[in-house]
Protein chains: 2
Amino acid sequence: MVTIKAIARQCGCSPATVSKALNGAPDVGHEMMCRIRAAAEEMGYIPNAAARALKTARTYNFGVLFREGSRTGLAHEFFSLVLNGFQRRSEELGYDISFIGTRLGDRDYTYAEHARYRNYDGVAVITIPDADPPIRELVDSGIPTVTVDHEFNGCGCVMSDNVQGMRDLVSYVYAMGHRKIAFIHGETTVVTRVRVAAFCRVCAELGLPVPEGYLVPGVFHDPAASAAATRELMALRDRPTCIFYPDDISYLGGLQAIEEMGLSVPEDVSAVGYDGIFLGQQLRPKLTTLRQQADLMGVRAAEELARAVSEGRTYLPGRIVIPGQLLPGETVRRL
Amino acid sequence: MVTIKAIARQCGCSPATVSKALNGAPDVGHEMMCRIRAAAEEMGYIPNAAARALKTARTYNFGVLFREGSRTGLAHEFFSLVLNGFQRRSEELGYDISFIGTRLGDRDYTYAEHARYRNYDGVAVITIPDADPPIRELVDSGIPTVTVDHEFNGCGCVMSDNVQGMRDLVSYVYAMGHRKIAFIHGETTVVTRVRVAAFCRVCAELGLPVPEGYLVPGVFHDPAASAAATRELMALRDRPTCIFYPDDISYLGGLQAIEEMGLSVPEDVSAVGYDGIFLGQQLRPKLTTLRQQADLMGVRAAEELARAVSEGRTYLPGRIVIPGQLLPGETVRRL
DNA sequence: ATGGATTGCGAAAACGTTTTCGGAGGTTTG
DNA sequence: CAAACCTCCGAAAACGTTTTCGCAATCCAT
C-alpha cells in the first residue's frame with residue numbers, strides 16, 4: 001500500500017507537506033506541489049478513508065435506512081426511485097451511501113448506534129415507518145437526518161404534495177362527470193391522514209357527499225387487501241362510479257376483483273391509482289394516476305443533507321414539498 | 001464521544017484490557033471482564049469503525065457496483081431483487097454494504113480506486129456490463145469480487161441457469177405444439193450468448209429448424225427495441241407462431257406492436273418472456289416466462305464473498321449456478 | 001543595513017483502536 | 001524448594017492521516 005509517507009520519502013519532503021499538497025493547502029510552493037502530485041499519480045496513491053475519517057471525523061458517507069415492506073415480494077418502485085435519486089445526487093455531491101442495518105460484525109445495533117459506529121455524515125430515512133421507536137432514536141441521535149414521505153417533529157423531511165395531488169385527482173374525476181367517489185386508503189400513517197383529509201376537503205368544496213362506507217381502509221401495496229375492499233364497495237346498495245386506490249399496485253388487486261365479478265374497468269366502474277409507476281402506464285387500459293416525482297424527492301433529500309453538513313448544522317430545516325403530476329389514463333370513463 | 005480510554009479510566013485499567021475484554025480475548029479475568037462490559041454498556045460506548053478499520057485493515061463493509069441501465073426510467077426489478085438478497089444476507093453475516101460510485105469528496109475515482117479507498121472487504125458487481133474496462137480493473141484489483149450474471153475469467157460469479165432455463169421454455173412451447181419459434185435476444189453479453197446457444201441446441205435436439213431471420217437482436221429491458229424486432233418478425237413471409245423475448249419488460253414492447261397491428265396474444269401469436277417479474281404475472285393474459293431466483297442469487301453472492309473473506313482468500317472459486325423455474329401463463333396458445 | 005512581514009516547509013501530536021511482548025504474581029510440577 | 005508454568009494485565013508501538021505551530025529563509029519598505 002502506497003502511503004503519504006512513501007511519497008514524502010520519494011519527494012524528499014515531510015508527510016505533512018505531502019498531505020497539504022494533495023489537499024491544495026495554500027502554504028506549499030509551486031514546484032514542490034507539482035513534484036508531489038506527479039509522484040502521487042505515478043505511484044498510484046489512493047488515500048485511506050479510515051485514517052482520514054479518524055482524523056477529521058468526516059466520512060463523506062451518508063447512511064440510508066431503506067426498508068421496503070416487500071409484502072408483495074416486489075422491489076417497490078417508488079422507494080427504489082427515491083433511493084436512486086438519492087444515491088445519484090449524493091454521489092455528485094461527493095458522498096458515498098451505505099445501508100443502515102441492525103447487525104454488524106457479530107453484534108446487534110440499533111439504527112442510531114449503527115450510524116454512530118460508522119460515523120455517517122448524514123442519514124436519510126426512506127421507508128415505511130414500520131418500527132417507530134428505533135427510527136425516532138435515529139432521528140434524535142444528533143446526526144443530520146432527513147426523512148422522505150413522513151414527518152418526525154424536529155427533523156427535516158421531503159414530502160410529496162399529497163394535498164395538491166388529491167385535489168388534482170378528485171377535480172379531474174369530478175370533471176369527468178363522477179359524483180360518487182370512493183376512496184380505499186392506506187393504513188394509518190401521516191401520508192394516509194393527509195390524503196384522506198384532502199380528499200374529504202375537496203369533495204366538500206365540490207359539494208360531493210362522502211357517504212358512509214365510501215372511505216374504506218386498505219393497505220399500501222397490498223393487492224389482496226384492495227381486492228377485498230373493492231368487493232365491499234361493489235356490494236354496496238349505492239355503488240360508487242369511481243374508486244380511488246392507495247397506490248398503483250393496489251389497483252391491480254382491485255382490477256382483479258372487478259374482473260372476477262365479470263365487470264370491467266372503466267366500462268362498469270372507473271378507477272385511479274397513486275404513484276405513477278411504470279407498470280401502471282403499461283397496462284391496458286392505461287391507469288389514471290398521480291405521478292409522484294420519486295426521483296426528485298431523493299435528489300432533494302441528498303441536497304438538504306449535504307447542505308446541512310457543509311454548514312455544520314446538525315438539524316435540518318422544515319419540510320420540502322415536491323409537487324406531483326396528474327397522469328390521465330384510460331381507467332376513468334367520462335360520464 | 002465515549003472511547004475506550006474513558007472506560008479504562010472508569011474501570012481503573014488500561015485501554016488494552018478494555019479492548020480485549022470487549023472483543024472477548026481469552027486473557028482477561030472474569031471479574032475485570034464483567035466490570036468493563038458493564039461500564040461500556042452503561043456509558044453508551046460505541047466502537048469507532050474508522051479507528052478499527054485503520055488498525056485491522058478490515059472494514060466489515062462490502063461494496064456493490066449497481067448500475068441498472070434504467071433506460072426505461074424503471075427501477076429494474078431483477079437487479080433490485082438481487083440487491084435485496086445481497087443486502088439482507090450480507091447484513092446477517094455481519095457486513096454493511098455501500099454503493100460504489102465514481103466520485104468521492106471532490107475527486108473522481110475509478111471503481112477500483114473507490115473500492116481501495118474505502119477498503120471494502122469484498123465487492124459485488126450487480127449490473128449490466130456497460131463499461132467493461134473499469135469493471136475489469138475492479139475485478140483484477142485484488143479485492144475479493146463476485147459478479148452476478150456475467151463472467152469474467154478469474155472471478156467468482158453467480159449465474160442463473162440459462163441453459164436449463166431455455167431448455168424448459170423451448171420444451172414447454174414445443175409441447176404446446178409450436179414448431180416455428182423465433183427468438184429476440186439481448187445485446188451481446190455472455191448471458192445472451194449462452195441463451196442463444198442453448199436455444200439453438202434444444203431446437204436442434206427437437207428437430208426444429210431455426211430459419212434465417214428467426215434470431216433477431218434486441219436490447220435487454222428496452223420495449224421499443226422489442227417492438228421493432230417484433231414488427232420485423234411479423235412481416236416475415238413465414239411468420240413464427242411463438243416469439244421469445246429477452247425479458248419480461250421487453251415483452252411489453254412486443255405486445256404493444258402486436259396490438260397495434262390489430263392482432264392479439266396469444267390468439268394470433270404466442271409469446272414468452274424471461275425473468276418472472278411481478279409485473280408479468282399481473283398482466284392479462286398472464287405472461288408465460290421463466291422465473292429467475294434473483295433474490296437467491298444475491299444471497300449466494302453474499303455468502304461466497306463472506307466465505308472468501310473469512311478464509312483470507314482474495315479470489316473466489318468458480319461459478320455458482322442458480323436454477324430457474326418455469327412459470328406457465330396464458331400467452332402461449334395450444335396449437 | 002535593519003526591522004518587520006511573508007513564504008515554504010517540517011516536527012510532533014493527535015484521532016481511537018488493536019496487538020505484541022513482557023512482567024508480576026500465583027500455581028503446579030519434579 | 002527450585003523450576004517451570006499459567007493467568008491476568010499494561011506499556012508501547014502502530015495503522016495513515018491532518019493540523020497546529022514554529023522556524024528559517026526570503027522579501028519589501030524604511
# chains A, B, ... in the order shown; residues from 1 in each chain; ligands from 1

$ calpha_fit_rmsd --fixed "chain B" --moving "chain A"
0.3 Å

$ residues_around --residues "DG25 of chain C" --least-positions-apart "6" --cutoff "12 Å" --atoms "only C-alpha atoms (C1' of nucleotides)" --output "PyMOL selection string"
chain D and resi 6-9

$ write_last_selection --atoms "C-alpha atoms (C1' of nucleotides)" --output "PDB file, in the first residue's frame"
ATOM      1  C1'  DC D   6      -0.183 -20.318  33.971  1.00  0.00           C
ATOM      2  C1'  DT D   7      -3.094 -16.261  34.467  1.00  0.00           C
ATOM      3  C1'  DC D   8      -4.016 -11.583  34.088  1.00  0.00           C
ATOM      4  C1'  DC D   9      -2.780  -7.313  32.891  1.00  0.00           C
TER       5       DC D   9
END

$ residues_around --residues "segment 120-126 of chain B" --least-positions-apart "3" --cutoff "9 Å" --atoms "only C-alpha atoms (C1' of nucleotides)" --output "PyMOL selection string"
chain B and resi 57-68+79+82-83+86+95+97-98+100+115-117+129+135+138-139+143-150+298+301-302+305-306+308-309+314

$ closest_atom_pairs --of "chain B" --to "chain C" --cutoff "10 Å" --atoms "only C-alpha atoms (C1' of nucleotides)" --output "Markdown table"
| residue | atom | partner | partner_atom | distance |
| --- | --- | --- | --- | --- |
| B:Thr3 | CA | C:DG16 | C1' | 7.0 |
| B:Ile4 | CA | C:DG16 | C1' | 7.5 |
| B:Lys5 | CA | C:DG16 | C1' | 8.6 |
| B:Pro15 | CA | C:DT17 | C1' | 9.2 |
| B:Ala16 | CA | C:DT18 | C1' | 8.0 |
| B:Ser19 | CA | C:DT18 | C1' | 7.5 |
| B:Lys20 | CA | C:DT18 | C1' | 8.7 |
| B:Pro47 | CA | C:DG16 | C1' | 8.4 |
| B:Asn48 | CA | C:DG16 | C1' | 6.7 |
| B:Ala49 | CA | C:DT17 | C1' | 8.9 |
| B:Ala50 | CA | C:DG16 | C1' | 8.2 |
| B:Ala51 | CA | C:DT17 | C1' | 5.0 |
| B:Arg52 | CA | C:DT17 | C1' | 5.2 |
| B:Ala53 | CA | C:DT17 | C1' | 8.4 |
| B:Leu54 | CA | C:DT17 | C1' | 7.9 |
| B:Lys55 | CA | C:DT18 | C1' | 6.1 |
| B:Thr56 | CA | C:DT18 | C1' | 7.0 |

$ closest_atom_pairs --of "chain D" --to "chain A" --cutoff "9 Å" --atoms "only C-alpha atoms (C1' of nucleotides)" --output "JSON lines"
{"residue": "D:DC15", "atom": "C1'", "partner": "A:Ala51", "partner_atom": "CA", "distance": 7.9}
{"residue": "D:DG16", "atom": "C1'", "partner": "A:Ala51", "partner_atom": "CA", "distance": 5.1}
{"residue": "D:DT17", "atom": "C1'", "partner": "A:Ala51", "partner_atom": "CA", "distance": 5.0}
{"residue": "D:DT18", "atom": "C1'", "partner": "A:Lys55", "partner_atom": "CA", "distance": 6.2}
{"residue": "D:DT19", "atom": "C1'", "partner": "A:Ala16", "partner_atom": "CA", "distance": 8.8}

$ residues_around --residues "Asp108 of chain A" --least-positions-apart "5" --cutoff "12 Å" --atoms "only C-alpha atoms (C1' of nucleotides)" --output "list in words"
Ile100, Gly101, Thr102, Arg103, Glu113, His114 and Tyr117 of chain A; Ile46, Glu91, Glu92, Leu93, Gly94 and Tyr95 of chain B

$ write_last_selection --atoms "C-alpha atoms" --output "PDB file, in the first residue's frame"
ATOM      1  CA  ILE A 100     -28.077   1.106   7.693  1.00  0.00           C
ATOM      2  CA  GLY A 101     -28.677  -2.343   9.065  1.00  0.00           C
ATOM      3  CA  THR A 102     -29.091  -3.656  12.505  1.00  0.00           C
ATOM      4  CA  ARG A 103     -26.263  -6.133  12.679  1.00  0.00           C
ATOM      5  CA  GLU A 113     -25.874   3.015  17.130  1.00  0.00           C
ATOM      6  CA  HIS A 114     -25.038   1.770  13.687  1.00  0.00           C
ATOM      7  CA  TYR A 117     -20.461   3.449  14.672  1.00  0.00           C
TER       8      TYR A 117
ATOM      9  CA  ILE B  46     -19.938   2.575  20.549  1.00  0.00           C
ATOM     10  CA  GLU B  91     -26.217  -7.963   6.989  1.00  0.00           C
ATOM     11  CA  GLU B  92     -26.930 -11.324   8.537  1.00  0.00           C
ATOM     12  CA  LEU B  93     -23.313 -12.199   8.001  1.00  0.00           C
ATOM     13  CA  GLY B  94     -22.197  -9.011   9.683  1.00  0.00           C
ATOM     14  CA  TYR B  95     -21.355  -6.823   6.734  1.00  0.00           C
TER      15      TYR B  95
END

$ atom_distance --atom1 "atom CA of Tyr251 of chain B" --atom2 "atom CA of Ser226 of chain B"
7.0 Å
